[in-house]
>>> print(open('run_26.pdb').read())   # PDB, C-alpha atoms
ATOM      1  CA  ASN K   1     117.817 132.402  53.135
ATOM      2  CA  GLU K   2     115.844 129.221  52.602
ATOM      3  CA  THR K   3     116.427 128.071  56.204
ATOM      4  CA  PHE K   4     114.006 130.725  57.425
ATOM      5  CA  ASN K   5     111.358 129.417  55.022
ATOM      6  CA  ARG K   6     111.418 125.933  56.498
ATOM      7  CA  ALA K   7     108.903 125.375  59.268
ATOM      8  CA  ASP K   8     107.046 122.527  60.826
ATOM      9  CA  ALA K   9     103.463 122.767  62.002
ATOM     10  CA  THR K  10     104.297 124.708  65.168
ATOM     11  CA  THR K  11     107.541 126.654  64.727
ATOM     12  CA  ILE K  12     109.097 129.222  62.434
ATOM     13  CA  PRO K  13     112.786 130.056  62.867
ATOM     14  CA  ILE K  14     113.270 133.727  63.738
ATOM     15  CA  VAL K  15     116.893 133.692  64.917
ATOM     16  CA  LEU K  16     119.544 131.244  63.782
ATOM     17  CA  VAL K  17     122.818 130.695  65.619
ATOM     18  CA  PRO K  18     125.252 129.181  63.100
ATOM     19  CA  SER K  19     127.951 126.784  64.213
ATOM     20  CA  THR K  20     131.455 128.178  64.592
ATOM     21  CA  ARG K  21     133.953 128.068  61.740
ATOM     22  CA  LEU K  22     136.827 125.662  61.427
ATOM     23  CA  PRO K  23     139.917 126.956  63.290
ATOM     24  CA  CYS K  24     142.080 126.992  60.152
ATOM     25  CA  SER K  25     139.538 128.853  57.991
ATOM     26  CA  CYS K  26     140.398 132.412  56.896
ATOM     27  CA  VAL K  27     137.002 133.215  55.355
ATOM     28  CA  TYR K  28     133.381 133.185  56.402
ATOM     29  CA  SER K  29     130.229 133.752  54.434
ATOM     30  CA  VAL K  30     127.353 136.039  55.363
ATOM     31  CA  PRO K  31     124.120 135.006  53.628
ATOM     32  CA  SER K  32     121.698 137.454  52.071
ATOM     33  CA  GLY K  33     118.091 137.533  53.246
ATOM     34  CA  ALA K  34     118.928 137.762  56.942
ATOM     35  CA  TYR K  35     120.228 140.401  59.305
ATOM     36  CA  SER K  36     123.599 139.051  60.425
ATOM     37  CA  VAL K  37     125.613 139.943  63.529
ATOM     38  CA  ILE K  38     129.340 139.184  63.430
ATOM     39  CA  HIS K  39     131.426 138.504  66.528
ATOM     40  CA  ASP K  40     135.184 138.956  66.827
ATOM     41  CA  CYS K  41     136.560 137.064  69.838
ATOM     42  CA  GLY K  42     133.037 136.936  71.296
ATOM     43  CA  LYS K  43     132.460 140.699  70.982
ATOM     44  CA  ASP K  44     130.213 142.478  68.468
ATOM     45  CA  ASP K  45     132.456 143.237  65.478
ATOM     46  CA  ASN K  46     130.336 146.171  64.252
ATOM     47  CA  PRO K  47     128.417 147.793  67.159
ATOM     48  CA  GLU K  48     126.874 150.405  64.850
ATOM     49  CA  GLY K  49     125.685 148.116  62.059
ATOM     50  CA  LEU K  50     125.119 144.676  60.635
ATOM     51  CA  ALA K  51     127.270 142.529  58.364
ATOM     52  CA  ASP K  52     127.116 142.891  54.614
ATOM     53  CA  ALA K  53     126.213 139.774  52.659
ATOM     54  CA  GLY K  54     129.039 137.983  50.923
ATOM     55  CA  LEU K  55     132.411 136.375  51.546
ATOM     56  CA  HIS K  56     134.632 137.980  54.208
ATOM     57  CA  TRP K  57     138.356 137.487  54.890
ATOM     58  CA  CYS K  58     139.372 137.325  58.532
ATOM     59  CA  LYS K  59     141.823 136.036  61.109
ATOM     60  CA  PRO K  60     141.555 132.296  61.633
ATOM     61  CA  TYR K  61     138.813 131.242  64.063
ATOM     62  CA  TRP K  62     138.134 134.603  65.767
ATOM     63  CA  ASN K  63     135.455 136.070  63.489
ATOM     64  CA  HIS K  64     132.171 134.309  62.831
ATOM     65  CA  VAL K  65     128.488 134.906  62.167
ATOM     66  CA  ALA K  66     126.996 134.863  65.658
ATOM     67  CA  TYR K  67     123.310 135.478  64.863
ATOM     68  CA  MET K  68     121.102 135.618  61.793
ATOM     69  CA  VAL K  69     117.652 137.210  62.187
ATOM     70  CA  THR K  70     114.964 136.821  59.554
ATOM     71  CA  GLN K  71     114.088 139.863  57.457
ATOM     72  CA  GLN K  72     110.651 138.463  56.696
ATOM     73  CA  SER K  73     107.425 139.421  58.392
ATOM     74  CA  CYS K  74     106.241 136.575  60.615
ATOM     75  CA  THR K  75     102.777 135.449  61.656
ATOM     76  CA  TYR K  76     101.941 134.489  65.226
ATOM     77  CA  ASN K  77      98.687 132.818  66.298
ATOM     78  CA  ALA K  78      97.656 133.296  69.917
ATOM     79  CA  PRO K  79      94.660 131.205  70.959
ATOM     80  CA  VAL K  80      92.721 132.236  74.060
ATOM     81  CA  LYS K  81      90.614 129.445  75.537
ATOM     82  CA  SER K  82      87.649 129.785  77.885
ATOM     83  CA  CYS K  83      87.746 133.503  78.497
ATOM     84  CA  PRO K  84      84.702 135.057  80.198
ATOM     85  CA  THR K  85      82.892 137.992  78.584
ATOM     86  CA  SER K  86      81.431 140.852  80.649
ATOM     87  CA  ASP K  87      78.254 138.786  81.121
ATOM     88  CA  ASN K  88      80.267 135.683  82.206
ATOM     89  CA  VAL K  89      79.844 133.588  79.063
ATOM     90  CA  MET K  90      82.978 131.618  78.194
ATOM     91  CA  VAL K  91      84.300 132.132  74.649
ATOM     92  CA  ASP K  92      87.290 130.918  72.664
ATOM     93  CA  CYS K  93      89.052 133.200  70.214
ATOM     94  CA  GLU K  94      92.358 133.600  68.448
ATOM     95  CA  LEU K  95      94.500 136.634  67.800
ATOM     96  CA  THR K  96      96.618 136.498  64.658
ATOM     97  CA  LEU K  97      99.550 138.910  64.565
ATOM     98  CA  VAL K  98     102.007 139.906  61.847
ATOM     99  CA  PHE K  99     105.306 141.272  63.144
ATOM    100  CA  SER K 100     108.811 142.058  61.969
ATOM    101  CA  ILE K 101     112.175 142.561  63.628
ATOM    102  CA  GLY K 102     114.358 145.495  62.604
ATOM    103  CA  PRO K 103     115.254 146.788  60.023
ATOM    104  CA  ALA K 104     117.457 149.210  61.972
ATOM    105  CA  PRO K 105     120.681 147.546  63.201
ATOM    106  CA  GLU K 106     120.046 148.702  66.777
ATOM    107  CA  ASP K 107     116.581 147.080  66.691
ATOM    108  CA  VAL K 108     118.002 143.754  65.514
ATOM    109  CA  LYS K 109     120.688 143.855  68.206
ATOM    110  CA  HIS K 110     118.207 144.838  70.934
ATOM    111  CA  PHE K 111     116.175 141.788  69.950
ATOM    112  CA  VAL K 112     119.127 139.384  69.862
ATOM    113  CA  TYR K 113     120.974 140.625  72.953
ATOM    114  CA  ASN K 114     118.096 141.743  75.212
ATOM    115  CA  LEU K 115     115.208 139.424  74.386
ATOM    116  CA  GLY K 116     116.027 136.461  72.144
ATOM    117  CA  ALA K 117     113.642 134.101  70.424
ATOM    118  CA  LEU K 118     112.735 131.941  73.453
ATOM    119  CA  LYS K 119     111.962 134.847  75.791
ATOM    120  CA  PHE K 120     110.154 136.601  72.930
ATOM    121  CA  ASN K 121     107.864 133.615  72.483
ATOM    122  CA  GLU K 122     107.100 133.421  76.209
ATOM    123  CA  PHE K 123     106.637 137.190  76.582
ATOM    124  CA  LEU K 124     104.441 137.409  73.474
ATOM    125  CA  ALA K 125     102.244 134.505  74.570
ATOM    126  CA  ALA K 126     101.690 136.095  77.987
ATOM    127  CA  GLU K 127     101.062 139.598  76.629
ATOM    128  CA  THR K 128      98.655 138.518  73.891
ATOM    129  CA  GLU K 129      96.660 136.359  76.265
ATOM    130  CA  GLU K 130      96.458 139.164  78.822
ATOM    131  CA  ALA K 131      95.435 141.747  76.207
ATOM    132  CA  MET K 132      92.762 139.461  74.752
ATOM    133  CA  ARG K 133      91.391 138.506  78.173
ATOM    134  CA  GLN K 134      91.085 142.179  79.152
ATOM    135  CA  LEU K 135      89.343 142.961  75.882
ATOM    136  CA  LEU K 136      86.911 140.031  76.110
ATOM    137  CA  ARG K 137      86.207 140.610  79.812
ATOM    138  CA  SER K 138      84.980 144.133  79.015
ATOM    139  CA  THR K 139      82.827 143.023  76.052
ATOM    140  CA  PRO K 140      79.268 141.626  76.314
ATOM    141  CA  LEU K 141      78.582 138.387  74.442
ATOM    142  CA  GLU K 142      76.372 140.035  71.791
ATOM    143  CA  GLU K 143      79.298 142.299  70.810
ATOM    144  CA  VAL K 144      81.998 139.588  70.704
ATOM    145  CA  TYR K 145      81.382 138.806  67.027
ATOM    146  CA  GLU K 146      81.921 142.485  66.220
ATOM    147  CA  LEU K 147      85.521 142.119  67.424
ATOM    148  CA  ARG K 148      86.316 139.749  64.554
ATOM    149  CA  GLY K 149      88.602 140.920  61.793
ATOM    150  CA  SER K 150      91.305 143.541  61.768
ATOM    151  CA  GLY K 151      89.354 146.761  61.350
ATOM    152  CA  SER K 152      87.900 147.313  64.798
ATOM    153  CA  GLU K 153      89.173 149.947  67.197
ATOM    154  CA  HIS K 154      89.642 147.203  69.811
ATOM    155  CA  VAL K 155      92.115 145.365  67.567
ATOM    156  CA  ALA K 156      93.951 148.653  66.980
ATOM    157  CA  GLN K 157      94.174 149.119  70.754
ATOM    158  CA  VAL K 158      95.620 145.609  71.236
ATOM    159  CA  LEU K 159      98.129 146.355  68.456
ATOM    160  CA  LYS K 160      99.140 149.606  70.162
ATOM    161  CA  VAL K 161      99.614 147.883  73.536
ATOM    162  CA  LEU K 162     101.809 145.191  71.962
ATOM    163  CA  ASN K 163     103.888 147.741  70.039
ATOM    164  CA  ASP K 164     104.427 149.763  73.213
ATOM    165  CA  LYS K 165     105.680 146.640  75.024
ATOM    166  CA  PHE K 166     107.867 145.217  72.242
ATOM    167  CA  ASN K 167     109.291 148.272  70.427
ATOM    168  CA  PRO K 168     112.165 148.581  72.953
ATOM    169  CA  PHE K 169     113.228 145.089  71.812
ATOM    170  CA  GLY K 170     113.177 145.913  68.100
ATOM    171  CA  VAL K 171     109.856 144.196  67.294
ATOM    172  CA  THR K 172     107.097 145.971  65.396
ATOM    173  CA  PHE K 173     103.595 144.559  65.060
ATOM    174  CA  ILE K 174     102.182 145.406  61.659
ATOM    175  CA  LYS K 175      98.756 143.822  61.640
ATOM    176  CA  ALA K 176      96.379 142.009  63.966
ATOM    177  CA  ALA K 177      93.102 140.171  63.471
ATOM    178  CA  ILE K 178      90.754 138.411  65.860
ATOM    179  CA  THR K 179      89.034 135.202  64.792
TER     180      THR K 179
END
>>> encode(input="run_26.pdb", output="structure tokens")
Amino acid sequence: NETFNRADATTIPIVLVPSTRLPCSCVYSVPSGAYSVIHDCGKDDNPEGLADAGLHWCKPYWNHVAYMVTQQSCTYNAPVKSCPTSDNVMVDCELTLVFSIGPAPEDVKHFVYNLGALKFNEFLAAETEEAMRQLLRSTPLEEVYELRGSGSEHVAQVLKVLNDKFNPFGVTFIKAAIT
């Protein structure tokens, strides 16, 4: 879906909430390229799965696409400003993460119903900052440059911590790199 590809300098759409259908309409369309959740009278129409892409016939007004979640992997940049190292030197760094939501239907629904995009952004910002501050606080200044990149054991540890926190919400972190 091309809507997920549009972004400004600071945001990328992860979840879209389409407008409701016209009351007299007997069809709705489910786009390809997104995980779609259908509601029937405000209740999940398929608790075990997600909607198939295409045109669907339905009762007027009651069925509609409630949520569309991107199938793409997304990048998140988490800057950490003025963090002290173990020898009390202030450093700035940035953690770049690649994550995805799903693909299992229960993962997509855990994300949409239990977390949502706004809470995800707030939770992720807090968790990444905390993880990076703990890592930097235990590292002497002369070893800070060794943290850069994605191959260090420290980056793998941060990735593991984030996956442990976010897997119950259907989010999987694939890659991380410190700059």
>>> residues_around(input="run_26.pdb", residues="Pro31 in chain K", least_positions_apart="6", cutoff="9 Å", atoms="only C-alpha atoms", output="number ranges by chain")
K: 1, 52-55, 68
>>> write_last_selection(input="run_26.pdb", atoms="C-alpha atoms", output="PDB file, in the coordinates of the input")
ATOM      1  CA  ASN K   1     117.817 132.402  53.135  1.00  0.00           C
ATOM      2  CA  ASP K  52     127.116 142.891  54.614  1.00  0.00           C
ATOM      3  CA  ALA K  53     126.213 139.774  52.659  1.00  0.00           C
ATOM      4  CA  GLY K  54     129.039 137.983  50.923  1.00  0.00           C
ATOM      5  CA  LEU K  55     132.411 136.375  51.546  1.00  0.00           C
ATOM      6  CA  MET K  68     121.102 135.618  61.793  1.00  0.00           C
TER       7      MET K  68
END
>>> atom_distance(input="run_26.pdb", atom1="CA of Asp40 in chain K", atom2="CA of His64 in chain K")
6.8 Å
>>> residues_around(input="run_26.pdb", residues="range 147-156 of chain K", least_positions_apart="4", cutoff="10 Å", atoms="only C-alpha atoms", output="number ranges by chain")
K: 93-97, 131-132, 135-136, 139, 143, 160-162, 175-179
>>> resolve_selection(input="run_26.pdb", expression="the PyMOL selection byres ((chain K and resi 124) around 12)", output="ChimeraX atom specification")
/K:76-79,95-97,99,115-123,125-132,161-163,165-166,169,171,173
>>> closest_residue(input="run_26.pdb", among="K:Val69, K:Gln157, K:Cys24, K:Cys41", to="His110 in chain K", atoms="only C-alpha atoms")
K:Val69
>>> residues_around(input="run_26.pdb", residues="Ser19 in chain K", least_positions_apart="2", cutoff="10 Å", atoms="all atoms listed in the file", output="PyMOL selection string")
chain K and resi 16-17+21-22+64-67
>>> residues_around(input="run_26.pdb", residues="Thr85 in chain K", least_positions_apart="4", cutoff="12 Å", atoms="only C-alpha atoms", output="JSON list (two decimals) with C-alpha atoms, in the coordinates of the input")
[["chain", "number", "residue", "atom", "x", "y", "z"],
["K", 81, "LYS", "CA", 90.61, 129.44, 75.54],
["K", 89, "VAL", "CA", 79.84, 133.59, 79.06],
["K", 90, "MET", "CA", 82.98, 131.62, 78.19],
["K", 91, "VAL", "CA", 84.30, 132.13, 74.65],
["K", 92, "ASP", "CA", 87.29, 130.92, 72.66],
["K", 93, "CYS", "CA", 89.05, 133.20, 70.21],
["K", 132, "MET", "CA", 92.76, 139.46, 74.75],
["K", 133, "ARG", "CA", 91.39, 138.51, 78.17],
["K", 134, "GLN", "CA", 91.08, 142.18, 79.15],
["K", 135, "LEU", "CA", 89.34, 142.96, 75.88],
["K", 136, "LEU", "CA", 86.91, 140.03, 76.11],
["K", 137, "ARG", "CA", 86.21, 140.61, 79.81],
["K", 138, "SER", "CA", 84.98, 144.13, 79.02],
["K", 139, "THR", "CA", 82.83, 143.02, 76.05],
["K", 140, "PRO", "CA", 79.27, 141.63, 76.31],
["K", 141, "LEU", "CA", 78.58, 138.39, 74.44],
["K", 142, "GLU", "CA", 76.37, 140.04, 71.79],
["K", 143, "GLU", "CA", 79.30, 142.30, 70.81],
["K", 144, "VAL", "CA", 82.00, 139.59, 70.70],
["K", 145, "TYR", "CA", 81.38, 138.81, 67.03]]
>>> atom_distance(input="run_26.pdb", atom1="CA of Thr75 in chain K", atom2="CA of Ile14 in chain K")
10.8 Å
>>> atom_distance(input="run_26.pdb", atom1="CA of Gly42 in chain K", atom2="CA of Pro105 in chain K")
18.2 Å
>>> closest_residue(input="run_26.pdb", among="K:Ser100, K:Lys59, K:Val108, K:Ile38", to="Pro23 in chain K", atoms="only C-alpha atoms")
K:Lys59
>>> closest_residue(input="run_26.pdb", among="K:Ser32, K:Cys26, K:Gln71, K:Glu48", to="Pro13 in chain K", atoms="only C-alpha atoms")
K:Gln71
>>> axis_aligned_box(input="run_26.pdb", around="range 116-127 of chain K", padding_each_side="8 Å", output="AutoDock Vina command-line options")
--center_x 108.5 --center_y 135.8 --center_z 74.2 --size_x 31.0 --size_y 23.7 --size_z 23.6
>>> closest_residue(input="run_26.pdb", among="K:Val15, K:Cys74, K:Val80, K:Ala104", to="Leu50 in chain K", atoms="all atoms listed in the file")
K:Ala104
>>> closest_residue(input="run_26.pdb", among="K:Ile174, K:Tyr113, K:Glu146, K:Val98", to="Lys43 in chain K", atoms="all atoms listed in the file")
K:Tyr113
>>> closest_residue(input="run_26.pdb", among="K:Val158, K:Ile101, K:Cys58, K:Ile12", to="Val27 in chain K", atoms="all atoms listed in the file")
K:Cys58
>>> build_atoms(input="run_26.pdb", residues="range 64-75 of chain K", atoms="all heavy atoms", output="PDB file, in the frame of the given file")
ATOM      1  N   HIS K  64     133.203 135.225  63.316  1.00  0.00           N
ATOM      2  CA  HIS K  64     132.171 134.309  62.831  1.00  0.00           C
ATOM      3  C   HIS K  64     130.798 134.986  62.884  1.00  0.00           C
ATOM      4  O   HIS K  64     130.620 135.993  63.575  1.00  0.00           O
ATOM      5  CB  HIS K  64     132.157 133.004  63.632  1.00  0.00           C
ATOM      6  CG  HIS K  64     131.699 133.173  65.041  1.00  0.00           C
ATOM      7  ND1 HIS K  64     132.516 133.646  66.038  1.00  0.00           N
ATOM      8  CD2 HIS K  64     130.496 132.943  65.625  1.00  0.00           C
ATOM      9  CE1 HIS K  64     131.843 133.695  67.170  1.00  0.00           C
ATOM     10  NE2 HIS K  64     130.607 133.276  66.952  1.00  0.00           N
ATOM     11  N   VAL K  65     129.870 134.430  62.133  1.00  0.00           N
ATOM     12  CA  VAL K  65     128.488 134.906  62.167  1.00  0.00           C
ATOM     13  C   VAL K  65     127.875 134.374  63.450  1.00  0.00           C
ATOM     14  O   VAL K  65     127.754 133.164  63.643  1.00  0.00           O
ATOM     15  CB  VAL K  65     127.681 134.424  60.937  1.00  0.00           C
ATOM     16  CG1 VAL K  65     126.244 134.904  61.020  1.00  0.00           C
ATOM     17  CG2 VAL K  65     128.333 134.894  59.643  1.00  0.00           C
ATOM     18  N   ALA K  66     127.522 135.279  64.362  1.00  0.00           N
ATOM     19  CA  ALA K  66     126.996 134.863  65.658  1.00  0.00           C
ATOM     20  C   ALA K  66     125.487 134.654  65.614  1.00  0.00           C
ATOM     21  O   ALA K  66     124.969 133.704  66.207  1.00  0.00           O
ATOM     22  CB  ALA K  66     127.350 135.898  66.724  1.00  0.00           C
ATOM     23  N   TYR K  67     124.769 135.560  64.930  1.00  0.00           N
ATOM     24  CA  TYR K  67     123.310 135.478  64.863  1.00  0.00           C
ATOM     25  C   TYR K  67     122.838 135.885  63.474  1.00  0.00           C
ATOM     26  O   TYR K  67     123.401 136.793  62.868  1.00  0.00           O
ATOM     27  CB  TYR K  67     122.649 136.430  65.866  1.00  0.00           C
ATOM     28  CG  TYR K  67     123.037 136.189  67.295  1.00  0.00           C
ATOM     29  CD1 TYR K  67     123.994 136.978  67.915  1.00  0.00           C
ATOM     30  CD2 TYR K  67     122.442 135.170  68.028  1.00  0.00           C
ATOM     31  CE1 TYR K  67     124.357 136.776  69.225  1.00  0.00           C
ATOM     32  CE2 TYR K  67     122.806 134.954  69.343  1.00  0.00           C
ATOM     33  CZ  TYR K  67     123.766 135.756  69.930  1.00  0.00           C
ATOM     34  OH  TYR K  67     124.129 135.532  71.233  1.00  0.00           O
ATOM     35  N   MET K  68     121.793 135.220  63.020  1.00  0.00           N
ATOM     36  CA  MET K  68     121.102 135.618  61.793  1.00  0.00           C
ATOM     37  C   MET K  68     119.621 135.750  62.145  1.00  0.00           C
ATOM     38  O   MET K  68     119.017 134.817  62.676  1.00  0.00           O
ATOM     39  CB  MET K  68     121.294 134.587  60.687  1.00  0.00           C
ATOM     40  CG  MET K  68     122.728 134.484  60.224  1.00  0.00           C
ATOM     41  SD  MET K  68     123.002 133.425  58.794  1.00  0.00           S
ATOM     42  CE  MET K  68     122.017 131.998  59.122  1.00  0.00           C
ATOM     43  N   VAL K  69     119.052 136.924  61.865  1.00  0.00           N
ATOM     44  CA  VAL K  69     117.652 137.210  62.187  1.00  0.00           C
ATOM     45  C   VAL K  69     116.895 137.376  60.881  1.00  0.00           C
ATOM     46  O   VAL K  69     117.350 138.079  59.971  1.00  0.00           O
ATOM     47  CB  VAL K  69     117.538 138.498  63.039  1.00  0.00           C
ATOM     48  CG1 VAL K  69     116.088 138.818  63.351  1.00  0.00           C
ATOM     49  CG2 VAL K  69     118.345 138.363  64.315  1.00  0.00           C
ATOM     50  N   THR K  70     115.741 136.761  60.783  1.00  0.00           N
ATOM     51  CA  THR K  70     114.964 136.821  59.554  1.00  0.00           C
ATOM     52  C   THR K  70     114.563 138.256  59.216  1.00  0.00           C
ATOM     53  O   THR K  70     114.271 139.050  60.097  1.00  0.00           O
ATOM     54  CB  THR K  70     113.713 135.931  59.630  1.00  0.00           C
ATOM     55  OG1 THR K  70     113.057 135.956  58.365  1.00  0.00           O
ATOM     56  CG2 THR K  70     112.742 136.391  60.714  1.00  0.00           C
ATOM     57  N   GLN K  71     114.549 138.566  57.934  1.00  0.00           N
ATOM     58  CA  GLN K  71     114.088 139.863  57.457  1.00  0.00           C
ATOM     59  C   GLN K  71     112.606 139.818  57.088  1.00  0.00           C
ATOM     60  O   GLN K  71     112.008 140.836  56.805  1.00  0.00           O
ATOM     61  CB  GLN K  71     114.891 140.304  56.226  1.00  0.00           C
ATOM     62  CG  GLN K  71     116.336 140.617  56.521  1.00  0.00           C
ATOM     63  CD  GLN K  71     117.116 141.007  55.276  1.00  0.00           C
ATOM     64  OE1 GLN K  71     116.667 140.835  54.152  1.00  0.00           O
ATOM     65  NE2 GLN K  71     118.304 141.528  55.485  1.00  0.00           N
ATOM     66  N   GLN K  72     112.036 138.641  57.096  1.00  0.00           N
ATOM     67  CA  GLN K  72     110.651 138.463  56.696  1.00  0.00           C
ATOM     68  C   GLN K  72     109.686 138.867  57.804  1.00  0.00           C
ATOM     69  O   GLN K  72     110.027 138.824  58.980  1.00  0.00           O
ATOM     70  CB  GLN K  72     110.387 136.998  56.350  1.00  0.00           C
ATOM     71  CG  GLN K  72     111.245 136.472  55.240  1.00  0.00           C
ATOM     72  CD  GLN K  72     111.082 134.968  55.054  1.00  0.00           C
ATOM     73  OE1 GLN K  72     110.349 134.307  55.792  1.00  0.00           O
ATOM     74  NE2 GLN K  72     111.760 134.419  54.083  1.00  0.00           N
ATOM     75  N   SER K  73     108.495 139.244  57.411  1.00  0.00           N
ATOM     76  CA  SER K  73     107.425 139.421  58.392  1.00  0.00           C
ATOM     77  C   SER K  73     106.961 138.038  58.808  1.00  0.00           C
ATOM     78  O   SER K  73     106.910 137.118  57.997  1.00  0.00           O
ATOM     79  CB  SER K  73     106.260 140.204  57.784  1.00  0.00           C
ATOM     80  OG  SER K  73     106.665 141.515  57.506  1.00  0.00           O
ATOM     81  N   CYS K  74     106.637 137.876  60.072  1.00  0.00           N
ATOM     82  CA  CYS K  74     106.241 136.575  60.615  1.00  0.00           C
ATOM     83  C   CYS K  74     104.824 136.657  61.158  1.00  0.00           C
ATOM     84  O   CYS K  74     104.375 137.704  61.615  1.00  0.00           O
ATOM     85  CB  CYS K  74     107.185 136.162  61.740  1.00  0.00           C
ATOM     86  SG  CYS K  74     108.899 136.030  61.237  1.00  0.00           S
ATOM     87  N   THR K  75     104.132 135.546  61.131  1.00  0.00           N
ATOM     88  CA  THR K  75     102.777 135.449  61.656  1.00  0.00           C
ATOM     89  C   THR K  75     102.801 134.665  62.956  1.00  0.00           C
ATOM     90  O   THR K  75     103.499 133.661  63.081  1.00  0.00           O
ATOM     91  CB  THR K  75     101.860 134.729  60.642  1.00  0.00           C
ATOM     92  OG1 THR K  75     101.919 135.435  59.409  1.00  0.00           O
ATOM     93  CG2 THR K  75     100.429 134.679  61.121  1.00  0.00           C
TER      94      THR K  75
END
